[in-house]
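K.L.:
What follows is start-v6.csv; its format and atoms are CSV, C-alpha atoms and all ligand atoms.
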```csv
chain,number,residue,atom,x,y,z
A,1,MET,CA,138.7,104.8,23.1
A,2,ILE,CA,141.1,102.5,21.3
A,3,GLU,CA,140.0,100.9,18.0
A,4,ALA,CA,142.1,98.3,16.4
A,5,ARG,CA,141.0,97.3,12.9
A,6,ALA,CA,142.5,94.2,11.2
A,7,LEU,CA,145.7,95.2,13.0
A,8,THR,CA,148.6,93.1,11.8
A,9,LYS,CA,152.4,93.1,12.4
A,10,ARG,CA,154.9,90.8,10.8
A,11,TYR,CA,158.6,90.6,11.8
A,12,GLY,CA,160.2,88.6,8.9
A,13,ASP,CA,158.5,85.2,9.0
A,14,LYS,CA,156.9,85.9,12.4
A,15,LEU,CA,153.3,87.0,12.5
A,16,ALA,CA,153.4,88.8,15.9
A,17,VAL,CA,149.9,90.3,15.6
A,18,ASP,CA,147.4,88.7,13.3
A,19,ASN,CA,144.4,90.6,12.0
A,20,LEU,CA,143.3,91.9,15.4
A,21,THR,CA,140.0,93.8,15.6
A,22,PHE,CA,138.8,95.1,19.0
A,23,THR,CA,137.6,98.2,20.7
A,24,VAL,CA,138.7,99.3,24.2
A,25,ARG,CA,135.9,101.5,25.6
A,26,PRO,CA,136.0,104.3,28.1
A,27,GLY,CA,134.6,104.0,31.7
A,28,MET,CA,136.0,100.6,32.5
A,29,VAL,CA,139.3,98.9,33.1
A,30,THR,CA,140.1,96.5,30.2
A,31,GLY,CA,142.7,93.8,30.8
A,32,PHE,CA,144.9,92.7,28.0
A,33,LEU,CA,145.9,89.1,28.5
A,34,GLY,CA,147.8,86.5,26.6
A,35,PRO,CA,150.6,83.9,27.1
A,36,ASN,CA,154.2,85.0,26.6
A,37,GLY,CA,154.9,86.1,23.1
A,38,ALA,CA,151.2,86.5,22.3
A,39,GLY,CA,151.7,90.0,20.8
A,40,LYS,CA,150.6,92.2,23.7
A,41,SER,CA,153.6,94.5,23.8
A,42,THR,CA,153.7,94.7,20.0
A,43,THR,CA,150.0,95.7,19.9
A,44,MET,CA,150.6,98.3,22.6
A,45,ARG,CA,153.6,99.7,20.7
A,46,MET,CA,151.4,100.1,17.6
A,47,ILE,CA,148.7,101.8,19.6
A,48,LEU,CA,151.3,104.3,20.7
A,49,GLY,CA,152.8,104.8,17.2
A,50,LEU,CA,156.1,103.2,18.2
A,51,ASP,CA,155.8,100.4,15.7
A,52,ALA,CA,154.1,100.7,12.3
A,53,PRO,CA,151.4,98.0,11.5
A,54,THR,CA,152.2,95.8,8.5
A,55,SER,CA,148.6,96.2,7.6
A,56,GLY,CA,145.4,97.4,9.4
A,57,ALA,CA,145.2,100.3,11.7
A,58,VAL,CA,144.7,101.4,15.2
A,59,LEU,CA,143.1,104.6,16.4
A,60,VAL,CA,143.3,106.3,19.8
A,61,ASN,CA,140.5,108.7,20.6
A,62,GLY,CA,139.5,108.7,16.9
A,63,ARG,CA,142.9,109.2,15.2
A,64,PRO,CA,146.2,107.4,14.8
A,65,TYR,CA,148.5,108.4,17.7
A,66,ALA,CA,150.9,110.4,15.6
A,67,GLU,CA,148.1,112.6,14.3
A,68,HIS,CA,147.3,114.0,17.7
A,69,ALA,CA,148.6,117.6,18.2
A,70,ALA,CA,149.2,117.0,21.9
A,71,PRO,CA,149.6,113.2,22.2
A,72,LEU,CA,150.6,113.2,26.0
A,73,ARG,CA,147.2,114.8,26.7
A,74,GLU,CA,145.4,112.1,24.8
A,75,VAL,CA,147.3,109.0,25.7
A,76,GLY,CA,149.4,108.2,28.8
A,77,ALA,CA,151.6,105.1,28.5
A,78,LEU,CA,153.7,102.9,30.6
A,79,LEU,CA,155.6,100.4,28.5
A,80,GLU,CA,158.7,99.6,30.4
A,81,ALA,CA,159.7,100.7,33.9
A,82,ARG,CA,163.1,102.5,33.8
A,83,SER,CA,162.5,104.1,30.4
A,84,PHE,CA,164.1,107.3,31.7
A,85,HIS,CA,167.5,108.9,32.1
A,86,PRO,CA,169.1,107.2,35.2
A,87,GLY,CA,171.1,110.3,36.1
A,88,ARG,CA,168.1,112.6,36.2
A,89,SER,CA,165.8,112.9,39.2
A,90,ALA,CA,162.2,111.8,39.0
A,91,PHE,CA,161.2,115.4,39.3
A,92,HIS,CA,163.4,116.6,36.5
A,93,HIS,CA,162.3,113.8,34.2
A,94,LEU,CA,158.7,114.8,34.6
A,95,LEU,CA,159.5,118.5,34.4
A,96,ALA,CA,161.4,118.1,31.1
A,97,LEU,CA,158.4,116.2,29.7
A,98,ALA,CA,155.9,118.7,30.9
A,99,ARG,CA,157.9,121.6,29.4
A,100,THR,CA,158.1,120.0,25.9
A,101,SER,CA,154.4,119.2,26.0
A,102,GLY,CA,153.0,122.6,27.3
A,103,ILE,CA,152.0,121.0,30.6
A,104,PRO,CA,152.1,123.4,33.7
A,105,ARG,CA,154.8,122.7,36.3
A,106,SER,CA,152.1,122.4,39.0
A,107,ARG,CA,150.9,119.2,37.3
A,108,VAL,CA,154.4,117.7,37.9
A,109,ASP,CA,153.9,118.2,41.7
A,110,ASP,CA,150.4,116.8,41.5
A,111,VAL,CA,151.4,113.6,39.8
A,112,ILE,CA,154.4,113.1,42.1
A,113,GLU,CA,152.0,113.4,45.0
A,114,ALA,CA,149.4,111.2,43.4
A,115,VAL,CA,151.7,108.3,42.8
A,116,GLY,CA,153.3,108.5,46.3
A,117,LEU,CA,156.8,109.6,45.0
A,118,SER,CA,157.1,112.8,47.1
A,119,GLY,CA,159.9,111.4,49.3
A,120,ALA,CA,162.0,110.1,46.3
A,121,ALA,CA,161.3,112.8,43.7
A,122,ARG,CA,164.7,114.4,44.0
A,123,ARG,CA,166.6,111.1,44.0
A,124,ARG,CA,168.3,110.1,40.7
A,125,ALA,CA,165.9,107.9,38.8
A,126,GLY,CA,168.6,105.2,38.3
A,127,ARG,CA,168.7,104.7,42.1
A,128,LEU,CA,165.0,104.1,42.4
A,129,SER,CA,163.8,100.6,43.4
A,130,LEU,CA,161.8,98.8,40.7
A,131,GLY,CA,158.6,99.6,42.6
A,132,MET,CA,159.5,103.3,42.8
A,133,ALA,CA,160.5,103.3,39.1
A,134,GLN,CA,157.1,101.8,38.3
A,135,ARG,CA,155.5,104.6,40.2
A,136,LEU,CA,157.5,107.1,38.2
A,137,GLY,CA,156.4,105.4,35.0
A,138,LEU,CA,152.8,105.8,36.2
A,139,ALA,CA,153.4,109.4,37.0
A,140,THR,CA,154.7,109.9,33.5
A,141,ALA,CA,151.7,108.2,32.0
A,142,LEU,CA,149.3,110.5,34.0
A,143,LEU,CA,151.3,113.7,33.4
A,144,GLY,CA,149.2,115.0,30.5
A,145,ASP,CA,145.9,114.1,32.3
A,146,PRO,CA,145.1,111.9,29.3
A,147,ARG,CA,141.7,110.5,28.3
A,148,THR,CA,143.3,107.1,27.5
A,149,VAL,CA,146.0,105.2,29.4
A,150,VAL,CA,147.9,102.2,28.1
A,151,LEU,CA,149.9,100.3,30.7
A,152,ASP,CA,152.1,97.3,30.0
A,153,GLU,CA,152.6,95.2,33.1
A,154,PRO,CA,152.2,98.1,35.6
A,155,LEU,CA,152.3,95.8,38.6
A,156,ASN,CA,155.7,94.4,38.0
A,157,GLY,CA,158.0,95.0,40.9
A,158,LEU,CA,155.3,96.4,43.2
A,159,ASP,CA,154.7,95.1,46.7
A,160,THR,CA,151.3,94.2,48.0
A,161,GLU,CA,150.5,97.7,49.1
A,162,GLY,CA,151.7,99.0,45.7
A,163,ILE,CA,149.5,96.5,43.8
A,164,ARG,CA,146.4,97.5,45.8
A,165,TRP,CA,147.2,101.1,45.2
A,166,VAL,CA,147.4,100.5,41.4
A,167,ARG,CA,144.2,98.6,41.5
A,168,THR,CA,142.4,101.6,43.1
A,169,LEU,CA,144.1,104.0,40.8
A,170,LEU,CA,143.1,102.2,37.6
A,171,ARG,CA,139.5,101.8,38.8
A,172,ASP,CA,139.4,105.5,39.7
A,173,LEU,CA,140.7,106.5,36.3
A,174,ALA,CA,138.1,104.4,34.6
A,175,ALA,CA,135.3,105.8,36.9
A,176,GLU,CA,136.3,109.3,35.7
A,177,GLY,CA,135.4,108.1,32.2
A,178,ARG,CA,138.8,107.4,30.9
A,179,THR,CA,139.9,104.5,28.7
A,180,VAL,CA,142.2,102.2,30.7
A,181,PHE,CA,144.0,99.4,28.8
A,182,VAL,CA,146.3,97.3,31.0
A,183,SER,CA,148.3,94.1,30.5
A,184,SER,CA,149.3,91.9,33.3
A,185,HIS,CA,150.3,88.3,34.0
A,186,LEU,CA,148.8,88.5,37.5
A,187,MET,CA,145.5,86.9,36.9
A,188,ASN,CA,144.1,87.2,40.4
A,189,GLU,CA,144.8,90.9,40.3
A,190,MET,CA,143.2,91.3,36.8
A,191,ALA,CA,140.1,89.5,38.1
A,192,LEU,CA,139.8,92.1,40.8
A,193,THR,CA,140.7,95.1,38.7
A,194,ALA,CA,139.3,94.7,35.2
A,195,GLN,CA,135.7,94.6,34.1
A,196,HIS,CA,136.5,93.7,30.5
A,197,LEU,CA,139.1,91.5,28.8
A,198,ILE,CA,140.8,91.3,25.5
A,199,VAL,CA,142.6,88.0,25.3
A,200,ILE,CA,145.0,87.1,22.5
A,201,GLY,CA,147.1,84.1,21.7
A,202,GLN,CA,149.8,83.8,18.9
A,203,GLY,CA,148.7,87.3,17.7
A,204,ARG,CA,145.0,86.3,17.3
A,205,LEU,CA,142.0,87.4,19.2
A,206,ILE,CA,140.7,84.7,21.6
A,207,ALA,CA,138.2,86.6,23.6
A,208,ASP,CA,136.7,90.1,23.8
A,209,THR,CA,134.3,89.8,26.7
A,210,GLY,CA,133.4,90.7,30.3
A,211,VAL,CA,135.6,89.1,33.0
A,212,ALA,CA,132.6,87.2,34.5
A,213,GLU,CA,131.5,85.9,31.1
A,214,PHE,CA,135.1,84.8,30.3
A,215,ILE,CA,135.2,82.8,33.5
A,216,ARG,CA,131.7,81.4,33.0
A,217,ALA,CA,132.5,80.3,29.4
A,218,ARG,CA,134.7,77.6,30.6
A,219,ASP,CA,133.3,76.9,34.0
A,220,ARG,CA,132.8,73.1,34.0
A,221,GLY,CA,130.3,73.2,36.8
A,222,VAL,CA,132.3,71.8,39.7
A,223,VAL,CA,130.3,71.3,42.9
A,224,ARG,CA,131.7,70.6,46.3
A,225,VAL,CA,129.5,68.3,48.4
A,226,ARG,CA,129.9,67.3,52.0
A,227,THR,CA,127.6,64.6,53.2
A,228,THR,CA,127.2,62.0,55.9
A,229,HIS,CA,127.1,59.2,53.2
A,230,PRO,CA,129.7,60.1,50.5
A,231,GLU,CA,130.0,56.7,49.0
A,232,ALA,CA,126.3,56.2,48.7
A,233,LEU,CA,125.9,59.6,47.1
A,234,ALA,CA,128.8,59.2,44.8
A,235,ALA,CA,127.3,55.9,43.5
A,236,ARG,CA,124.0,57.7,42.7
A,237,LEU,CA,125.7,60.7,41.1
A,238,SER,CA,128.1,58.9,38.8
A,239,GLY,CA,126.9,58.6,35.3
A,240,PRO,CA,127.7,59.7,31.7
A,241,GLY,CA,129.3,63.2,31.8
A,242,VAL,CA,129.5,63.3,35.6
A,243,ASP,CA,132.8,62.9,37.3
A,244,VAL,CA,132.9,62.3,41.0
A,245,SER,CA,136.0,62.4,43.1
A,246,PHE,CA,136.1,61.3,46.7
A,247,ASP,CA,138.7,62.6,49.2
A,248,GLY,CA,138.3,59.6,51.5
A,249,GLY,CA,136.5,61.8,54.1
A,250,GLU,CA,133.1,63.2,53.8
A,251,THR,CA,133.7,65.5,50.8
A,252,LEU,CA,132.9,64.8,47.1
A,253,THR,CA,134.0,67.0,44.2
A,254,VAL,CA,131.5,66.6,41.4
A,255,ALA,CA,132.2,67.9,37.8
A,256,GLY,CA,129.5,68.0,35.2
A,257,SER,CA,126.5,68.4,37.4
A,258,THR,CA,124.7,71.2,39.2
A,259,THR,CA,123.8,72.0,42.8
A,260,ASP,CA,120.1,71.6,41.9
A,261,ARG,CA,120.5,68.2,40.5
A,262,ILE,CA,122.7,67.0,43.4
A,263,GLY,CA,120.4,68.5,46.0
A,264,ARG,CA,117.3,66.8,44.6
A,265,LEU,CA,119.1,63.5,44.1
A,266,ALA,CA,120.3,63.5,47.7
A,267,ALA,CA,116.8,64.3,49.0
A,268,ALA,CA,115.3,61.5,47.0
A,269,ALA,CA,117.8,59.1,48.4
A,270,ARG,CA,117.3,60.6,51.9
A,271,ILE,CA,121.0,61.4,52.2
A,272,THR,CA,121.9,64.2,54.5
A,273,LEU,CA,124.0,67.0,52.9
A,274,LEU,CA,126.2,69.1,55.1
A,275,GLU,CA,127.4,71.4,52.3
A,276,LEU,CA,126.6,72.0,48.7
A,277,THR,CA,128.7,74.7,47.0
A,278,ALA,CA,129.1,75.5,43.3
A,279,GLN,CA,132.7,76.3,42.7
A,280,GLN,CA,133.5,79.1,40.2
A,281,ALA,CA,136.6,78.7,38.2
A,282,SER,CA,139.2,81.4,38.8
A,283,LEU,CA,140.3,83.7,36.0
A,284,GLU,CA,143.6,81.9,36.0
A,285,GLU,CA,141.9,78.6,35.4
A,286,ALA,CA,139.7,80.0,32.6
A,287,PHE,CA,142.8,81.7,31.1
A,288,VAL,CA,144.9,78.6,31.1
A,289,ASP,CA,142.0,76.6,29.6
A,290,GLN,CA,141.2,79.1,26.9
A,291,THR,CA,144.7,79.8,25.8
A,292,ARG,CA,146.1,76.3,26.0
A,293,ASP,CA,146.3,75.9,22.2
A,294,ALA,CA,148.0,79.3,21.8
A,295,VAL,CA,150.9,78.9,24.2
A,296,GLU,CA,154.1,79.6,22.2
A,297,TYR,CA,156.6,78.1,24.5
A,298,ARG,CA,155.2,75.3,26.6
A,299,ALA,CA,157.3,74.0,29.4
A,300,LEU,CA,158.2,70.4,28.8
A,301,THR,CA,158.1,68.1,31.8
A,302,THR,CA,160.9,65.7,31.6
A,303,GLY,CA,161.9,63.1,34.0
A,304,VAL,CA,165.1,63.6,35.9
A,305,PRO,CA,167.7,61.2,34.5
A,306,SER,CA,168.6,58.6,37.1
B,401,LIG,N1,161.4,93.5,17.1
B,401,LIG,C1,161.0,92.2,16.9
B,401,LIG,N2,161.6,91.5,16.0
B,401,LIG,C2,161.3,90.2,15.8
B,401,LIG,N3,160.3,89.5,16.5
B,401,LIG,C3,159.7,90.2,17.4
B,401,LIG,C4,160.0,91.6,17.7
B,401,LIG,N4,159.2,92.1,18.7
B,401,LIG,C5,158.4,91.0,19.0
B,401,LIG,N5,158.7,89.9,18.3
B,401,LIG,C6,158.1,88.6,18.4
B,401,LIG,O1,156.7,88.8,18.2
B,401,LIG,C7,156.0,88.0,19.1
B,401,LIG,C8,155.1,88.8,20.0
B,401,LIG,O2,155.9,89.5,21.0
B,401,LIG,P1,155.4,90.5,22.1
B,401,LIG,O3,156.6,91.0,22.9
B,401,LIG,O4,154.5,91.5,21.5
B,401,LIG,O5,154.5,89.5,23.0
B,401,LIG,P2,153.9,89.7,24.4
B,401,LIG,O6,152.5,89.1,24.4
B,401,LIG,O7,154.1,91.1,24.9
B,401,LIG,O8,154.8,88.7,25.3
B,401,LIG,P3,155.3,88.8,26.9
B,401,LIG,O9,154.0,88.4,27.6
B,401,LIG,O10,156.3,87.7,26.9
B,401,LIG,O11,155.8,90.1,27.1
B,401,LIG,C9,157.0,87.1,19.8
B,401,LIG,O12,157.1,85.9,19.2
B,401,LIG,C10,158.3,87.9,19.7
B,401,LIG,O13,159.4,87.1,19.7
```
Just give me the structure as structure tokens.
Ligand SMILES: Nc1ncnc2c1ncn2[C@@H]1O[C@H](COP(=O)(O)OP(=O)(O)OP(=O)(O)O)[C@@H](O)[C@H]1O
P.N.:
Amino acid sequence: MIEARALTKRYGDKLAVDNLTFTVRPGMVTGFLGPNGAGKSTTMRMILGLDAPTSGAVLVNGRPYAEHAAPLREVGALLEARSFHPGRSAFHHLLALARTSGIPRSRVDDVIEAVGLSGAARRRAGRLSLGMAQRLGLATALLGDPRTVVLDEPLNGLDTEGIRWVRTLLRDLAAEGRTVFVSSHLMNEMALTAQHLIVIGQGRLIADTGVAEFIRARDRGVVRVRTTHPEALAARLSGPGVDVSFDGGETLTVAGSTTDRIGRLAAAARITLLELTAQQASLEEAFVDQTRDAVEYRALTTGVPS
């Protein structure tokens, strides 16, 4: 369990984390989302005792990180890929960590196997591909068999198979009753992996909610309709708050209405429907919509000078 209470971090004039209060619960994967510069990494560093809060506090499994007698057994972390000595092999990196934390050597072999690094474990870590380095980072996080894992962008550099593997790994860790807190910019992947979301923007909490609820909160009720008489149906559907767009063929996209209403209206007008589908917003659409005001660096679209 991770409990942030009025957690705040200021760097000079910059309020990187602003009065964040949230709880990350065990037994599910919690995604940590926010636009660039929102304060995710800063929050994660404070969870792990690598940065001190300006005010407020964050507890991991009931205590500040630094107060745990065997922190590696409480919290496993992946903050940056390649945060290991490049000249040391993956095996020796893990072995050195295990020795200083009272973790048995057999556990090193276990995590190497678990993350699929067996073939590369003796190679110097500096020569590992980004994907392999990411796997070593995950092995490091899991070494102490921790109750809580905190992972900053664990999917960076992984190929499709690696991404699917991490998805299963995170879900399995959560199913074992662990607390899994993971940031990622890959929204489609988060939608598949996480059950809960903490969303921040400019250091402030935007949402602390289930993934489905987060998407539903901004779902504008878009319905796709295929019909034999699109123009006639469009004329009947249009009205205050209802937006109908027509693709020129037999399909209409209707915002601001429902499948029930459209179905009944079509039946009353004796218009044949070929398809009537409520379209759910994607997590990415919901995210863009709900963090729009909190984007720190917005790309400006400028015309190309002629
Ligand atoms: N050591 C520091 N000194 C000064 N400002 C910092 C420092 N670390 C972070 N910041 C600033 O604090 C804000 C939050 O940064 P942080 O890296 O936590 O965001 P993030 O959500 O992890 O971003 P990204 O998604 O781009 O990784 C940013 O404006 C950043 O420039």
K.L.:
Give the residues close to ligand LIG 401 (chain B), within 6 Å, counting all atoms listed in the file; write them as number ranges by chain.
P.N.:
A: 11, 16, 34-42
K.L.:
Quick one: pull the distance between atom CA of Arg224 of chain A and atom CA of Glu275 of chain A, Å, one decimal.
P.N.:
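Calculated distance between atom CA of Arg224 of chain A and atom CA of Glu275 of chain A is 7.4 Å.
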K.L.:
Might you pull out every residue within 9 Å of Gly62 of chain A, with all atoms listed in the file counted and same-chain residues fewer than 4 positions away left off, and present them as an MDAnalysis selection string?
P.N.:
chainID A and resid 1:3
K.L.:
Residues within 12 Å of Leu50 of chain A, please, as a list in words. Count all atoms listed in the file; anything in the same chain fewer than 2 positions from it doesn't count.
P.N.:
Ser41, Thr42, Thr43, Met44, Arg45, Met46, Ile47, Leu48, Ala52, Pro53, Val58, Pro64, Tyr65, Ala66, Ala77 and Leu79 of chain A
K.L.:
Which polymer residues, whether protein, DNA or RNA, lie within 9 Å of the coordinate (153.2, 90.3, 12.9) when you count only C-alpha atoms? List them as a PyMOL selection string, using the chain letters and numbers from the file.
P.N.:
chain A and resi 7-19+39+42+53-54+203
K.L.:
In Å to one decimal, how far is atom CA of Gln134 of chain A from atom CA of Glu80 of chain A?
P.N.:
8.4 Å
K.L.:
Which is closest to Leu276 of chain A among A:Thr21, A:Ser257, A:Thr291, A:Thr227, if we use only C-alpha atoms?
P.N.:
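Closest candidate: A:Thr227.
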K.L.:
Within 9 Å of Gln195 of chain A, counting only C-alpha atoms, which residues show up once you throw out same-chain ones fewer than 3 positions away? Write them as a PyMOL selection string, please.
P.N.:
chain A and resi 28-31+190-192+209-212
K.L.:
Do you know which residues are at most 6 Å from segment 150-154 of chain A counting all atoms listed in the file, after dropping those on the same chain fewer than 4 positions away, and could you put them as a PDB file with C-alpha atoms, in the coordinates of the input?
P.N.:
```pdb
ATOM      1  CA  ALA A  77     151.600 105.100  28.500  1.00  0.00           C
ATOM      2  CA  LEU A  78     153.700 102.900  30.600  1.00  0.00           C
ATOM      3  CA  LEU A  79     155.600 100.400  28.500  1.00  0.00           C
ATOM      4  CA  PHE A 181     144.000  99.400  28.800  1.00  0.00           C
ATOM      5  CA  VAL A 182     146.300  97.300  31.000  1.00  0.00           C
ATOM      6  CA  SER A 183     148.300  94.100  30.500  1.00  0.00           C
ATOM      7  CA  SER A 184     149.300  91.900  33.300  1.00  0.00           C
TER       8      SER A 184
END
```
K.L.:
Kindly give the distance, in Å, that separates atom CA of Arg226 of chain A and atom CA of Leu252 of chain A, rounded to a single decimal.
P.N.:
6.3 Å
K.L.:
Excluding Ser101 of chain A and its own-chain neighbours fewer than 2 positions away, which residues fall within 9 Å of it when counting only C-alpha atoms? Please give them as a ChimeraX atom specification.
P.N.:
/A:70-73,96-99,103,144
K.L.:
Pick the closest to Val75 of chain A from A:Gly263, A:Pro146, A:Gly102, A:Gly256: which is it, counting all atoms listed in the file?
P.N.:
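Among the listed residues, A:Pro146 lies closest to Val75 of chain A.
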K.L.:
Hey, which of A:Ala139, A:Ala133, A:Ala235, A:Ala90 ends up closest to Val115 of chain A? Count all atoms listed in the file.
P.N.:
A:Ala139
K.L.:
Here is a test: counting only C-alpha atoms, which residue of A:Val111, A:Leu136, A:Ala6, A:Leu20 is nearest to Ile198 of chain A?
P.N.:
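Closest to Ile198 of chain A, using only C-alpha atoms: A:Leu20.
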K.L.:
Pick out the closest residue to Arg124 of chain A from this set: A:Phe84, A:Pro104, A:Asp109, A:Ile215. Count all atoms listed in the file.
P.N.:
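Closest residue, counting all atoms listed in the file: A:Phe84.
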